[in-house]
Amino acid sequence: MQIDLSVKEISKKFGNFTAVDKVSFDVESGKFFSILGPSGCGKTTLLRMIAGFYEPSHGTIEIRGKSMAGVEPNKRPVNLVFQHLALFPMMDVKENIAFGLKRRGEKGASVYAKVNDLLERVGLPGYGDKKINQLSGGQKQRVAIARCLILEPAVLLLDEPLGALDLKLREHMKVELKKLQVEVGTTFVYITHDQSEAMVMSDYVAVMNSGKFEQLDTPQKLYAN
């Protein structure tokens, strides 16, 4: 089985404070891997090191067998979906999704062929011309994920992306997000403080506390133990 993400003995210190303390884990290709823990446990810091926004104090990160040491965020085969989705309100849906491809220098009809294909896959066929303010919270969520997936990242990082949604929509989006992940087959690394989110969606869950992983297993085994 191919390992898309390998984190070995990674630590991050801010002065005398250790935010992440010697964490190691591997994520297999196509899996939904969640990091579950309370606010301040180090999970966002860990995600930001994988994305390249923070330099680890110690340890290594490999994506598909390549070391990420010194690799800038925009050169890494990962994409990050934030809690605040940061969609561009002045652009319609298709322009939002096409943005990364155009930044990369792609032009012409092939860009919009990819956009339309992805809109089908995320369950929004025919939504390309809609404005962002015409979308529901769940639809915006899918557009944000599509905007990342169009760049074909090896790993999609999700930083509490359902946190800003209301409870009813969050329940619905949990199931939708898992279905979407299975459909597109991309490796997801997802952080949350919500136990039910982690249990419903994940293939594997790491329970994080005070900068360390306390447990790492399938949801079924975690629930039983």
# chains A, B, ... in the order shown; residues from 1 in each chain; ligands from 1
>>> closest_atom_pairs(of="segment 3-48 of chain A", to="segment 188-192 of chain A", cutoff="7 Å", atoms="only C-alpha atoms", output="JSON lines")
{"residue": "A:Lys31", "atom": "CA", "partner": "A:Phe188", "partner_atom": "CA", "distance": 6.4}
{"residue": "A:Phe32", "atom": "CA", "partner": "A:Phe188", "partner_atom": "CA", "distance": 4.8}
{"residue": "A:Phe33", "atom": "CA", "partner": "A:Val189", "partner_atom": "CA", "distance": 4.9}
{"residue": "A:Ser34", "atom": "CA", "partner": "A:Tyr190", "partner_atom": "CA", "distance": 4.6}
{"residue": "A:Ile35", "atom": "CA", "partner": "A:Ile191", "partner_atom": "CA", "distance": 4.8}
{"residue": "A:Leu36", "atom": "CA", "partner": "A:Thr192", "partner_atom": "CA", "distance": 5.2}
{"residue": "A:Gly37", "atom": "CA", "partner": "A:Thr192", "partner_atom": "CA", "distance": 6.7}
{"residue": "A:Lys43", "atom": "CA", "partner": "A:Ile191", "partner_atom": "CA", "distance": 6.7}
>>> residues_around(residues="Gly40 of chain A", least_positions_apart="3", cutoff="9 Å", atoms="only C-alpha atoms", output="MDAnalysis selection string")
chainID A and resid 19 37 43:44 209:211
>>> residues_around(residues="Met1 of chain A", least_positions_apart="3", cutoff="10 Å", atoms="only C-alpha atoms", output="list in words")
Asp4, Glu28, Ser29 and Gly30 of chain A
>>> select_by_dssp(residues="segment 39-216 of chain A", states="strand (DSSP E or B)", output="number ranges by chain")
A: 58-63, 66-67, 78-81, 92, 131, 155-159, 187-192, 204-209, 212-216
>>> write_last_selection(atoms="N, CA, C and O atoms", output="short mmCIF file (atom, residue, chain, number, x, y, z; two decimals), in the first residue's frame")
data_model
loop_
_atom_site.label_atom_id
_atom_site.label_comp_id
_atom_site.auth_asym_id
_atom_site.auth_seq_id
_atom_site.Cartn_x
_atom_site.Cartn_y
_atom_site.Cartn_z
N HIS A 58 12.04 19.71 15.05
CA HIS A 58 12.71 18.42 15.01
C HIS A 58 11.84 17.46 14.21
O HIS A 58 10.63 17.61 14.17
N GLY A 59 12.46 16.48 13.54
CA GLY A 59 11.69 15.44 12.85
C GLY A 59 11.56 15.70 11.36
O GLY A 59 12.03 16.72 10.84
N THR A 60 10.91 14.74 10.67
CA THR A 60 10.81 14.81 9.21
C THR A 60 9.37 14.59 8.74
O THR A 60 8.59 13.89 9.39
N ILE A 61 9.06 15.20 7.59
CA ILE A 61 7.78 15.01 6.91
C ILE A 61 8.09 14.58 5.49
O ILE A 61 8.86 15.23 4.79
N GLU A 62 7.49 13.45 5.08
CA GLU A 62 7.64 12.99 3.70
C GLU A 62 6.26 12.87 3.06
O GLU A 62 5.33 12.36 3.69
N ILE A 63 6.13 13.34 1.83
CA ILE A 63 4.90 13.17 1.07
C ILE A 63 5.24 12.34 -0.17
O ILE A 63 6.11 12.73 -0.96
N LYS A 66 8.95 11.71 -0.64
CA LYS A 66 9.87 12.84 -0.79
C LYS A 66 9.89 13.69 0.46
O LYS A 66 8.83 14.09 0.98
N SER A 67 11.10 14.00 0.94
CA SER A 67 11.23 14.87 2.10
C SER A 67 10.74 16.28 1.77
O SER A 67 11.01 16.80 0.70
N VAL A 78 0.27 19.38 -1.43
CA VAL A 78 -0.83 19.37 -0.46
C VAL A 78 -1.65 20.63 -0.67
O VAL A 78 -1.18 21.60 -1.24
N ASN A 79 -2.90 20.59 -0.21
CA ASN A 79 -3.73 21.78 -0.18
C ASN A 79 -4.48 21.82 1.13
O ASN A 79 -4.78 20.77 1.70
N LEU A 80 -4.80 23.03 1.59
CA LEU A 80 -5.39 23.20 2.92
C LEU A 80 -6.74 23.89 2.80
O LEU A 80 -6.85 24.94 2.17
N VAL A 81 -7.77 23.26 3.39
CA VAL A 81 -9.11 23.87 3.47
C VAL A 81 -9.28 24.42 4.88
O VAL A 81 -9.21 23.68 5.85
N ASP A 92 -17.39 33.99 -9.76
CA ASP A 92 -18.41 32.94 -9.71
C ASP A 92 -17.75 31.60 -9.33
O ASP A 92 -16.53 31.53 -9.12
N LYS A 131 -23.03 32.79 -8.35
CA LYS A 131 -22.20 33.61 -7.45
C LYS A 131 -22.08 32.90 -6.10
O LYS A 131 -22.97 32.14 -5.70
N VAL A 155 -2.25 15.01 -0.82
CA VAL A 155 -2.96 15.01 0.47
C VAL A 155 -3.75 16.29 0.59
O VAL A 155 -3.23 17.38 0.32
N LEU A 156 -5.02 16.17 0.99
CA LEU A 156 -5.85 17.34 1.28
C LEU A 156 -5.94 17.49 2.80
O LEU A 156 -6.35 16.57 3.50
N LEU A 157 -5.53 18.65 3.30
CA LEU A 157 -5.55 18.95 4.73
C LEU A 157 -6.79 19.78 5.03
O LEU A 157 -7.06 20.76 4.34
N LEU A 158 -7.54 19.40 6.06
CA LEU A 158 -8.78 20.09 6.39
C LEU A 158 -8.75 20.53 7.85
O LEU A 158 -8.69 19.68 8.75
N ASP A 159 -8.77 21.84 8.07
CA ASP A 159 -8.66 22.40 9.42
C ASP A 159 -10.06 22.77 9.94
O ASP A 159 -10.56 23.86 9.69
N THR A 187 -6.42 11.38 -0.48
CA THR A 187 -6.09 11.20 0.93
C THR A 187 -6.46 12.46 1.71
O THR A 187 -6.02 13.55 1.35
N PHE A 188 -7.28 12.31 2.76
CA PHE A 188 -7.70 13.43 3.59
C PHE A 188 -7.04 13.33 4.96
O PHE A 188 -7.06 12.26 5.58
N VAL A 189 -6.47 14.44 5.43
CA VAL A 189 -6.03 14.55 6.83
C VAL A 189 -6.87 15.68 7.44
O VAL A 189 -6.80 16.82 7.00
N TYR A 190 -7.65 15.31 8.45
CA TYR A 190 -8.75 16.15 8.93
C TYR A 190 -8.56 16.42 10.41
O TYR A 190 -8.32 15.48 11.17
N ILE A 191 -8.63 17.68 10.83
CA ILE A 191 -8.55 17.91 12.26
C ILE A 191 -9.87 18.43 12.81
O ILE A 191 -10.58 19.19 12.17
N THR A 192 -10.19 17.96 14.01
CA THR A 192 -11.47 18.29 14.62
C THR A 192 -11.38 18.12 16.14
O THR A 192 -10.54 17.38 16.64
N TYR A 204 -9.01 6.10 10.08
CA TYR A 204 -8.16 6.06 11.28
C TYR A 204 -8.30 7.37 12.03
O TYR A 204 -8.46 8.42 11.42
N VAL A 205 -8.23 7.28 13.36
CA VAL A 205 -8.31 8.46 14.20
C VAL A 205 -7.11 8.47 15.15
O VAL A 205 -6.81 7.46 15.81
N ALA A 206 -6.43 9.62 15.22
CA ALA A 206 -5.40 9.83 16.24
C ALA A 206 -5.99 10.76 17.29
O ALA A 206 -6.51 11.82 16.96
N VAL A 207 -5.91 10.35 18.55
CA VAL A 207 -6.39 11.19 19.66
C VAL A 207 -5.18 11.97 20.19
O VAL A 207 -4.19 11.38 20.63
N MET A 208 -5.26 13.29 20.10
CA MET A 208 -4.13 14.14 20.46
C MET A 208 -4.43 14.93 21.73
O MET A 208 -5.55 15.42 21.91
N ASN A 209 -3.43 15.03 22.58
CA ASN A 209 -3.58 15.81 23.81
C ASN A 209 -2.20 16.32 24.23
O ASN A 209 -1.23 15.57 24.19
N LYS A 212 0.89 15.47 22.08
CA LYS A 212 1.24 14.07 21.78
C LYS A 212 0.03 13.31 21.27
O LYS A 212 -1.11 13.67 21.56
N PHE A 213 0.29 12.21 20.54
CA PHE A 213 -0.77 11.27 20.18
C PHE A 213 -0.92 10.28 21.33
O PHE A 213 0.03 9.58 21.68
N GLU A 214 -2.13 10.20 21.90
CA GLU A 214 -2.37 9.27 23.01
C GLU A 214 -2.85 7.91 22.51
O GLU A 214 -2.58 6.89 23.12
N GLN A 215 -3.61 7.93 21.40
CA GLN A 215 -4.09 6.69 20.79
C GLN A 215 -4.16 6.91 19.29
O GLN A 215 -4.37 8.03 18.82
N LEU A 216 -4.03 5.81 18.53
CA LEU A 216 -4.19 5.88 17.08
C LEU A 216 -4.74 4.54 16.63
O LEU A 216 -4.10 3.51 16.81
#
>>> residues_around(residues="Tyr112 of chain A", least_positions_apart="4", cutoff="12 Å", atoms="only C-alpha atoms", output="ChimeraX atom specification")
/A:93-99,101-102,106-108,116-119,128-129,150
>>> closest_residue(among="A:Pro153, A:Phe25, A:Glu176, A:Ser110", to="Ala51 of chain A", atoms="only C-alpha atoms")
A:Pro153
>>> select_by_dssp(residues="segment 30-70 of chain A", states="helix (DSSP H, G or I)", output="VMD selection string")
chain A and resid 43 to 51
